[in-house]
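K.L.:
Take a look at this one; I'll ask things after.
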Amino acid sequence: MTLHLTEDIRSVTDLKRKTREMIDHVQQTGRPMILTTNGRADAVLMDAKTYEKHLKASNLSTLLMQAEEDVSSKQTRPMRSFLKAFKHAHKI
């Protein structure tokens with residue numbers, strides 16, 4: 001995803017005046033829009049589909065990070081041991 005500086009950075013004042021137009025632009029391009037206040041980045045506007053995609057990726061990253069920490073700290077066990085305990089616990 002490429003950010004277009006001339007199209008994707010707008011002021012909060014523009015958002016107030018052209019809300020529908022800016023939302024349509026974000027939905028059509030799939031690119032987030034940086035909103036500025038007094039010339040500084042203040043917020044990001046993105047369509048719900050893109051936000052959901054980023055949220056899923058972030059959640060997956062968090063799970064992977066926890067798994068990597070478990071491996072690093074030797075908080076793992078052999079698969080056979082896990083499957084045996086799992087089958088027993090779930091009466092499989």
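Residues are named by chain letter and number: chains run A, B, ... in the order of the structure tokens, numbers start at 1 in each chain, and ligands are numbered from 1 in the order shown.
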What residues in range 26-85 of chain A get the DSSP label strand (DSSP E or B)? Please answer as a list in words.
P.N.:
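Those in range 26-85 of chain A that DSSP calls strand (DSSP E or B) are Met33, Ile34, Leu35, Thr36, Thr37, Arg40, Ala41, Asp42, Ala43, Val44 and Leu45 of chain A.
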K.L.:
I'd like the contact shell of Leu5 in chain A - 10 Å cut-off, only C-alpha atoms, skipping same-chain residues fewer than 5 positions apart - returned as a PyMOL selection string.
P.N.:
chain A and resi 10+33-34
K.L.:
Write a file of the just-selected residues containing N, CA, C and O atoms, as a PDB file, in the first residue's frame.
P.N.:
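Result written to part.pdb:
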ATOM      1  N   ARG A  10      -4.580  15.082   4.676  1.00  0.00           N
ATOM      2  CA  ARG A  10      -5.572  16.169   4.652  1.00  0.00           C
ATOM      3  C   ARG A  10      -5.758  16.704   6.061  1.00  0.00           C
ATOM      4  O   ARG A  10      -5.467  16.026   7.044  1.00  0.00           O
ATOM      5  N   MET A  33      -5.938   7.605   5.217  1.00  0.00           N
ATOM      6  CA  MET A  33      -5.739   9.040   5.049  1.00  0.00           C
ATOM      7  C   MET A  33      -5.225   9.598   6.373  1.00  0.00           C
ATOM      8  O   MET A  33      -5.805   9.353   7.425  1.00  0.00           O
ATOM      9  N   ILE A  34      -4.126  10.348   6.307  1.00  0.00           N
ATOM     10  CA  ILE A  34      -3.561  10.988   7.489  1.00  0.00           C
ATOM     11  C   ILE A  34      -4.280  12.320   7.676  1.00  0.00           C
ATOM     12  O   ILE A  34      -4.353  13.128   6.746  1.00  0.00           O
TER      13      ILE A  34
END
K.L.:
Might you pull out every residue within 12 Å of range 17-23 of chain A, with only C-alpha atoms counted and same-chain residues fewer than 4 positions away left off, and present them as a list in words?
P.N.:
Glu7, Asp8, Ile9, Arg10, Ser11, Val12, Thr13, Gln27, Gln28, Thr29, Gly30, Arg31, Pro32, Met33, Ile34, Leu35, Val44, Leu45, Met46, Asp47 and Ala48 of chain A
K.L.:
Using only C-alpha atoms, can you tell me which of A:Ile92, A:Thr37, A:Met1, A:Asp14 comes closest to Thr50 in chain A?
P.N.:
A:Met1
K.L.:
Select from chain A everything DSSP, run on the backbone, classes as helix (DSSP H, G or I), then give the selection as a ChimeraX atom specification.
P.N.:
/A:5-8,12-17,19-29,48-72,79-89
K.L.:
Hey, can you check how far CA of Leu63 in chain A sits from CA of Leu3 in chain A?
P.N.:
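Atom-to-atom, CA of Leu63 in chain A and CA of Leu3 in chain A are spaced 28.5 Å apart.
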K.L.:
CA of His4 in chain A and CA of His54 in chain A are how many Å apart?
P.N.:
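Calculated distance between CA of His4 in chain A and CA of His54 in chain A is 19.3 Å.
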